[in-house]
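Colleague: One structure, pasted below without further comment.
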Amino acid sequence: MGFSVSASFAVILIASIVAFGTLYLSLENSYLSVANSVEVYKESFVKRQTSRLSLYSYSYTDPGSESSIYSITFNITNNGSTLSPKYWNFIRDGRLKNPDGSTLIVENKSFLLPGEHISVTTTEIKDNDVHSLVIATETGCSLKIEWRWVWLDQNQTIGEPSIVGTSWYCN
């Protein structure tokens with residue numbers, strides 16, 4: 001005929017327990033997701049604050065006065081936390097460049113430990129313009145190097161690159 005009061009109460013009680021269990025699990029999962037996100041943010045913040053690249057030295061290859069190009073190699077040192085060069089981006093003179101083995105060569109390293117060096121070589125034209133290379137790391141921080149070709153004689157046959165400046169900055 002119909003449900004009795006005790007059977008109705010049992011159905012409502014079981015439904016309430018299931019609903020409470022589901023609500024509890026979803027709240028616990030939300031809390032764990034937020035706690036995990038906060039932990040990941042803290043780790044990335046610490047890595048960002050402790051990462052730092054700097055220009056250690058540079059060298060160049062000049063094929064001679066007959067050529068209008070030269071190659072400059074920057075030796076970059078890691079003065080901070082471990083970085084992964086495979087996740088870096090390179091911007092030369094305002095244009096995104098991929099290491100291609102001809103105009104931009106980056107030493108092949110999976111990780112750059114604190115105190116280690118990595119070399120980055122780029123080919124440039126001998127002119128009076130200021131050129132730049134930005135090395136953007138996976139932490140959101142970047143090393144910018146600016147240089148230009150300086151003529152050492154009046155006939156513009158002998159010259160060498162000169163570093164204008166370097167800077168480390170984080171976005």
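Following the order of the structure tokens, chains are lettered A, B, ..., residues in each are numbered from 1, and ligands are numbered from 1.
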Quick check for you: according to DSSP on this backbone, which residues of stretch 20-151 of chain A are classed as alpha helix (DSSP H)? Reply as a VMD selection string.
Modeller: chain A and resid 20 to 50
Colleague: Would you put the residues from that selection into a file with N, CA, C and O atoms, as a tab-separated table (two decimals), in the first residue's frame?
Modeller:
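Just written: part34.tsv:
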```tsv
chain	number	residue	atom	x	y	z
A	20	PHE	N	25.96	13.77	2.19
A	20	PHE	CA	27.00	14.34	3.06
A	20	PHE	C	28.37	13.77	2.69
A	20	PHE	O	29.36	14.50	2.64
A	21	GLY	N	28.45	12.46	2.40
A	21	GLY	CA	29.71	11.85	1.99
A	21	GLY	C	30.23	12.43	0.69
A	21	GLY	O	31.42	12.72	0.56
A	22	THR	N	29.34	12.62	-0.26
A	22	THR	CA	29.73	13.22	-1.54
A	22	THR	C	30.20	14.65	-1.34
A	22	THR	O	31.21	15.08	-1.91
A	23	LEU	N	29.48	15.42	-0.55
A	23	LEU	CA	29.86	16.79	-0.26
A	23	LEU	C	31.20	16.85	0.44
A	23	LEU	O	32.06	17.66	0.10
A	24	TYR	N	31.43	15.97	1.40
A	24	TYR	CA	32.69	15.94	2.13
A	24	TYR	C	33.85	15.64	1.19
A	24	TYR	O	34.89	16.29	1.24
A	25	LEU	N	33.69	14.63	0.30
A	25	LEU	CA	34.76	14.27	-0.64
A	25	LEU	C	35.07	15.41	-1.60
A	25	LEU	O	36.23	15.69	-1.89
A	26	SER	N	34.05	16.09	-2.09
A	26	SER	CA	34.30	17.19	-3.02
A	26	SER	C	34.98	18.36	-2.30
A	26	SER	O	35.87	19.01	-2.87
A	27	LEU	N	34.58	18.63	-1.06
A	27	LEU	CA	35.26	19.69	-0.30
A	27	LEU	C	36.71	19.32	-0.01
A	27	LEU	O	37.61	20.17	-0.09
A	28	GLU	N	36.95	18.07	0.33
A	28	GLU	CA	38.32	17.63	0.61
A	28	GLU	C	39.18	17.72	-0.65
A	28	GLU	O	40.31	18.20	-0.61
A	29	ASN	N	38.64	17.30	-1.79
A	29	ASN	CA	39.38	17.39	-3.05
A	29	ASN	C	39.67	18.84	-3.41
A	29	ASN	O	40.76	19.17	-3.89
A	30	SER	N	38.72	19.73	-3.20
A	30	SER	CA	38.93	21.15	-3.48
A	30	SER	C	40.03	21.70	-2.58
A	30	SER	O	40.91	22.44	-3.04
A	31	TYR	N	39.98	21.36	-1.32
A	31	TYR	CA	41.00	21.84	-0.38
A	31	TYR	C	42.38	21.34	-0.78
A	31	TYR	O	43.36	22.10	-0.79
A	32	LEU	N	42.49	20.05	-1.14
A	32	LEU	CA	43.78	19.49	-1.54
A	32	LEU	C	44.30	20.13	-2.83
A	32	LEU	O	45.50	20.37	-2.96
A	33	SER	N	43.40	20.43	-3.76
A	33	SER	CA	43.81	21.10	-5.01
A	33	SER	C	44.35	22.50	-4.73
A	33	SER	O	45.37	22.89	-5.28
A	34	VAL	N	43.66	23.23	-3.87
A	34	VAL	CA	44.13	24.58	-3.53
A	34	VAL	C	45.45	24.50	-2.77
A	34	VAL	O	46.39	25.27	-3.05
A	35	ALA	N	45.57	23.58	-1.83
A	35	ALA	CA	46.82	23.43	-1.07
A	35	ALA	C	47.97	23.04	-1.99
A	35	ALA	O	49.09	23.56	-1.86
A	36	ASN	N	47.71	22.17	-2.96
A	36	ASN	CA	48.74	21.76	-3.91
A	36	ASN	C	49.14	22.94	-4.80
A	36	ASN	O	50.33	23.15	-5.08
A	37	SER	N	48.18	23.72	-5.24
A	37	SER	CA	48.46	24.89	-6.07
A	37	SER	C	49.30	25.91	-5.31
A	37	SER	O	50.24	26.50	-5.87
A	38	VAL	N	48.99	26.12	-4.06
A	38	VAL	CA	49.76	27.06	-3.24
A	38	VAL	C	51.20	26.56	-3.10
A	38	VAL	O	52.15	27.33	-3.19
A	39	GLU	N	51.37	25.26	-2.91
A	39	GLU	CA	52.71	24.69	-2.76
A	39	GLU	C	53.52	24.84	-4.05
A	39	GLU	O	54.68	25.20	-4.03
A	40	VAL	N	52.88	24.56	-5.19
A	40	VAL	CA	53.55	24.71	-6.49
A	40	VAL	C	53.92	26.18	-6.72
A	40	VAL	O	55.02	26.49	-7.19
A	41	TYR	N	53.04	27.10	-6.36
A	41	TYR	CA	53.32	28.52	-6.51
A	41	TYR	C	54.51	28.92	-5.63
A	41	TYR	O	55.39	29.66	-6.08
A	42	LYS	N	54.53	28.44	-4.41
A	42	LYS	CA	55.65	28.77	-3.50
A	42	LYS	C	56.97	28.27	-4.06
A	42	LYS	O	57.98	28.97	-4.03
A	43	GLU	N	56.97	27.03	-4.59
A	43	GLU	CA	58.19	26.47	-5.16
A	43	GLU	C	58.65	27.27	-6.37
A	43	GLU	O	59.84	27.56	-6.52
A	44	SER	N	57.72	27.64	-7.25
A	44	SER	CA	58.10	28.42	-8.43
A	44	SER	C	58.55	29.82	-8.04
A	44	SER	O	59.46	30.38	-8.66
A	45	PHE	N	57.94	30.39	-7.00
A	45	PHE	CA	58.35	31.72	-6.52
A	45	PHE	C	59.77	31.67	-5.98
A	45	PHE	O	60.59	32.54	-6.29
A	46	VAL	N	60.06	30.64	-5.19
A	46	VAL	CA	61.41	30.50	-4.64
A	46	VAL	C	62.42	30.28	-5.76
A	46	VAL	O	63.50	30.89	-5.77
A	47	LYS	N	62.08	29.44	-6.74
A	47	LYS	CA	62.99	29.20	-7.86
A	47	LYS	C	63.22	30.48	-8.65
A	47	LYS	O	64.34	30.77	-9.06
A	48	ARG	N	62.17	31.24	-8.82
A	48	ARG	CA	62.30	32.50	-9.56
A	48	ARG	C	63.18	33.49	-8.81
A	48	ARG	O	64.00	34.17	-9.40
A	49	GLN	N	63.02	33.56	-7.49
A	49	GLN	CA	63.80	34.49	-6.69
A	49	GLN	C	65.26	34.06	-6.55
A	49	GLN	O	66.12	34.90	-6.28
A	50	THR	N	65.52	32.77	-6.72
A	50	THR	CA	66.89	32.29	-6.54
A	50	THR	C	67.59	31.97	-7.85
A	50	THR	O	68.71	31.48	-7.83
```
Colleague: Where does DSSP see strand (DSSP E) in chain A, if you list the residues as JSON, numbers by chain?
Modeller: {"A": [53, 54, 55, 56, 57, 58, 59, 60, 61, 69, 70, 71, 72, 73, 74, 75, 76, 77, 78, 89, 90, 91, 92, 95, 96, 97, 104, 105, 106, 117, 118, 119, 120, 121, 122, 123, 124, 125, 130, 131, 132, 133, 134, 135, 136, 141, 142, 143, 144, 145, 146, 147, 148, 149, 150, 151, 159, 160, 161, 162, 163, 164, 165, 166, 167, 168, 169, 170]}
Colleague: Neighbouring residues of stretch 148-154 of chain A were defined as those with any atom within 10 Å, considering only C-alpha atoms; residues of the same chain fewer than 2 positions away were excluded. Please report them as a ChimeraX atom specification.
Modeller: /A:70,124-132,146,156-164
Colleague: Those same residues - C-alpha atoms - I'd like them written as a PDB file, in the first residue's frame.
Modeller:
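Wrote it out as out_23.pdb, contents follow:
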```pdb
ATOM      1  CA  TYR A  70      81.277  37.814 -37.312  1.00  0.00           C
ATOM      2  CA  GLU A 124      75.905  39.155 -36.632  1.00  0.00           C
ATOM      3  CA  ILE A 125      76.666  41.811 -39.236  1.00  0.00           C
ATOM      4  CA  LYS A 126      79.521  44.275 -38.709  1.00  0.00           C
ATOM      5  CA  ASP A 127      77.694  47.577 -38.331  1.00  0.00           C
ATOM      6  CA  ASN A 128      77.358  50.392 -35.819  1.00  0.00           C
ATOM      7  CA  ASP A 129      73.968  49.227 -34.493  1.00  0.00           C
ATOM      8  CA  VAL A 130      73.486  48.029 -30.940  1.00  0.00           C
ATOM      9  CA  HIS A 131      72.440  44.379 -31.018  1.00  0.00           C
ATOM     10  CA  SER A 132      70.737  42.459 -28.243  1.00  0.00           C
ATOM     11  CA  GLU A 146      73.650  44.290 -25.621  1.00  0.00           C
ATOM     12  CA  GLN A 156      86.749  50.328 -40.972  1.00  0.00           C
ATOM     13  CA  THR A 157      88.835  47.265 -41.697  1.00  0.00           C
ATOM     14  CA  ILE A 158      89.742  46.263 -38.141  1.00  0.00           C
ATOM     15  CA  GLY A 159      87.242  46.015 -35.320  1.00  0.00           C
ATOM     16  CA  GLU A 160      85.821  43.972 -32.494  1.00  0.00           C
ATOM     17  CA  PRO A 161      82.543  43.583 -30.609  1.00  0.00           C
ATOM     18  CA  SER A 162      82.106  45.513 -27.394  1.00  0.00           C
ATOM     19  CA  ILE A 163      79.559  44.788 -24.672  1.00  0.00           C
ATOM     20  CA  VAL A 164      77.258  47.774 -24.131  1.00  0.00           C
TER      21      VAL A 164
END
```
Colleague: Identify, on the basis of only C-alpha atoms, every residue whose closest approach to stretch 73-79 of chain A does not exceed 8 Å; exclude the query and any residue fewer than 2 positions from it along the same chain; express the result as a PDB file with N, CA, C and O atoms, in the first residue's frame.
Modeller:
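In the end it all went to out_4.pdb:
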```pdb
ATOM      1  N   SER A  51      66.948  32.216  -8.983  1.00  0.00           N
ATOM      2  CA  SER A  51      67.610  31.970 -10.265  1.00  0.00           C
ATOM      3  C   SER A  51      68.288  33.255 -10.734  1.00  0.00           C
ATOM      4  O   SER A  51      67.788  34.352 -10.513  1.00  0.00           O
ATOM      5  N   ARG A  52      69.443  33.074 -11.372  1.00  0.00           N
ATOM      6  CA  ARG A  52      70.149  34.247 -11.877  1.00  0.00           C
ATOM      7  C   ARG A  52      71.229  33.810 -12.864  1.00  0.00           C
ATOM      8  O   ARG A  52      72.092  33.015 -12.527  1.00  0.00           O
ATOM      9  N   LEU A  53      71.166  34.352 -14.062  1.00  0.00           N
ATOM     10  CA  LEU A  53      72.199  34.154 -15.064  1.00  0.00           C
ATOM     11  C   LEU A  53      73.006  35.434 -15.183  1.00  0.00           C
ATOM     12  O   LEU A  53      72.477  36.529 -14.964  1.00  0.00           O
ATOM     13  N   SER A  54      74.263  35.299 -15.537  1.00  0.00           N
ATOM     14  CA  SER A  54      75.081  36.487 -15.783  1.00  0.00           C
ATOM     15  C   SER A  54      76.100  36.178 -16.875  1.00  0.00           C
ATOM     16  O   SER A  54      76.443  35.017 -17.123  1.00  0.00           O
ATOM     17  N   LEU A  55      76.568  37.223 -17.520  1.00  0.00           N
ATOM     18  CA  LEU A  55      77.576  37.079 -18.564  1.00  0.00           C
ATOM     19  C   LEU A  55      78.931  36.908 -17.893  1.00  0.00           C
ATOM     20  O   LEU A  55      79.397  37.786 -17.171  1.00  0.00           O
ATOM     21  N   TYR A  56      79.542  35.747 -18.114  1.00  0.00           N
ATOM     22  CA  TYR A  56      80.839  35.447 -17.506  1.00  0.00           C
ATOM     23  C   TYR A  56      81.971  36.011 -18.373  1.00  0.00           C
ATOM     24  O   TYR A  56      82.876  36.669 -17.885  1.00  0.00           O
ATOM     25  N   SER A  57      81.887  35.732 -19.663  1.00  0.00           N
ATOM     26  CA  SER A  57      82.887  36.235 -20.611  1.00  0.00           C
ATOM     27  C   SER A  57      82.312  36.121 -22.016  1.00  0.00           C
ATOM     28  O   SER A  57      81.243  35.565 -22.213  1.00  0.00           O
ATOM     29  N   TYR A  58      83.040  36.672 -22.966  1.00  0.00           N
ATOM     30  CA  TYR A  58      82.630  36.532 -24.362  1.00  0.00           C
ATOM     31  C   TYR A  58      83.875  36.480 -25.237  1.00  0.00           C
ATOM     32  O   TYR A  58      84.951  36.947 -24.856  1.00  0.00           O
ATOM     33  N   SER A  59      83.713  35.888 -26.396  1.00  0.00           N
ATOM     34  CA  SER A  59      84.779  35.832 -27.383  1.00  0.00           C
ATOM     35  C   SER A  59      84.131  35.978 -28.762  1.00  0.00           C
ATOM     36  O   SER A  59      82.915  35.885 -28.888  1.00  0.00           O
ATOM     37  N   TYR A  60      84.949  36.228 -29.748  1.00  0.00           N
ATOM     38  CA  TYR A  60      84.392  36.397 -31.089  1.00  0.00           C
ATOM     39  C   TYR A  60      85.315  35.785 -32.124  1.00  0.00           C
ATOM     40  O   TYR A  60      86.508  35.593 -31.891  1.00  0.00           O
ATOM     41  N   SER A  71      81.045  36.110 -35.632  1.00  0.00           N
ATOM     42  CA  SER A  71      80.342  35.294 -34.643  1.00  0.00           C
ATOM     43  C   SER A  71      80.810  35.703 -33.260  1.00  0.00           C
ATOM     44  O   SER A  71      82.008  35.900 -33.038  1.00  0.00           O
ATOM     45  N   SER A  81      69.656  28.901  -8.859  1.00  0.00           N
ATOM     46  CA  SER A  81      69.146  27.533  -8.792  1.00  0.00           C
ATOM     47  C   SER A  81      69.315  26.814 -10.132  1.00  0.00           C
ATOM     48  O   SER A  81      69.617  27.431 -11.148  1.00  0.00           O
ATOM     49  N   THR A  82      69.121  25.517 -10.117  1.00  0.00           N
ATOM     50  CA  THR A  82      69.256  24.698 -11.317  1.00  0.00           C
ATOM     51  C   THR A  82      68.212  25.102 -12.362  1.00  0.00           C
ATOM     52  O   THR A  82      67.035  25.238 -12.049  1.00  0.00           O
ATOM     53  N   LEU A 112      71.422  23.150 -16.148  1.00  0.00           N
ATOM     54  CA  LEU A 112      72.525  24.059 -15.849  1.00  0.00           C
ATOM     55  C   LEU A 112      72.549  24.242 -14.338  1.00  0.00           C
ATOM     56  O   LEU A 112      71.709  24.942 -13.765  1.00  0.00           O
ATOM     57  N   LEU A 113      73.486  23.551 -13.700  1.00  0.00           N
ATOM     58  CA  LEU A 113      73.588  23.584 -12.248  1.00  0.00           C
ATOM     59  C   LEU A 113      74.203  24.888 -11.775  1.00  0.00           C
ATOM     60  O   LEU A 113      74.868  25.591 -12.545  1.00  0.00           O
ATOM     61  N   PRO A 114      74.006  25.244 -10.516  1.00  0.00           N
ATOM     62  CA  PRO A 114      74.633  26.466  -9.987  1.00  0.00           C
ATOM     63  C   PRO A 114      76.154  26.429 -10.171  1.00  0.00           C
ATOM     64  O   PRO A 114      76.797  25.417  -9.889  1.00  0.00           O
ATOM     65  N   GLY A 115      76.699  27.509 -10.695  1.00  0.00           N
ATOM     66  CA  GLY A 115      78.133  27.616 -10.933  1.00  0.00           C
ATOM     67  C   GLY A 115      78.581  27.128 -12.296  1.00  0.00           C
ATOM     68  O   GLY A 115      79.719  27.356 -12.689  1.00  0.00           O
ATOM     69  N   GLU A 116      77.715  26.465 -13.041  1.00  0.00           N
ATOM     70  CA  GLU A 116      78.093  25.970 -14.360  1.00  0.00           C
ATOM     71  C   GLU A 116      77.931  27.058 -15.423  1.00  0.00           C
ATOM     72  O   GLU A 116      77.204  28.028 -15.233  1.00  0.00           O
ATOM     73  N   HIS A 117      78.605  26.833 -16.551  1.00  0.00           N
ATOM     74  CA  HIS A 117      78.557  27.767 -17.679  1.00  0.00           C
ATOM     75  C   HIS A 117      77.884  27.102 -18.869  1.00  0.00           C
ATOM     76  O   HIS A 117      77.920  25.887 -19.010  1.00  0.00           O
ATOM     77  N   ILE A 118      77.318  27.927 -19.726  1.00  0.00           N
ATOM     78  CA  ILE A 118      76.773  27.472 -21.000  1.00  0.00           C
ATOM     79  C   ILE A 118      77.143  28.517 -22.041  1.00  0.00           C
ATOM     80  O   ILE A 118      77.188  29.717 -21.742  1.00  0.00           O
ATOM     81  N   SER A 119      77.450  28.059 -23.245  1.00  0.00           N
ATOM     82  CA  SER A 119      77.829  29.009 -24.296  1.00  0.00           C
ATOM     83  C   SER A 119      76.691  29.180 -25.298  1.00  0.00           C
ATOM     84  O   SER A 119      76.005  28.226 -25.641  1.00  0.00           O
ATOM     85  N   VAL A 120      76.523  30.421 -25.729  1.00  0.00           N
ATOM     86  CA  VAL A 120      75.530  30.785 -26.736  1.00  0.00           C
ATOM     87  C   VAL A 120      76.265  31.589 -27.803  1.00  0.00           C
ATOM     88  O   VAL A 120      76.878  32.612 -27.493  1.00  0.00           O
ATOM     89  N   THR A 121      76.216  31.104 -29.040  1.00  0.00           N
ATOM     90  CA  THR A 121      76.929  31.760 -30.142  1.00  0.00           C
ATOM     91  C   THR A 121      75.916  32.279 -31.144  1.00  0.00           C
ATOM     92  O   THR A 121      74.974  31.576 -31.512  1.00  0.00           O
ATOM     93  N   THR A 122      76.123  33.513 -31.580  1.00  0.00           N
ATOM     94  CA  THR A 122      75.257  34.104 -32.592  1.00  0.00           C
ATOM     95  C   THR A 122      76.122  34.763 -33.662  1.00  0.00           C
ATOM     96  O   THR A 122      77.238  35.205 -33.396  1.00  0.00           O
TER      97      THR A 122
END
```
Colleague: Could you check how far atom CA of A:Arg95 sits from atom CA of A:Thr137, in Å to one decimal?
Modeller: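 Atom-to-atom, atom CA of A:Arg95 to atom CA of A:Thr137, that is 16.1 Å.
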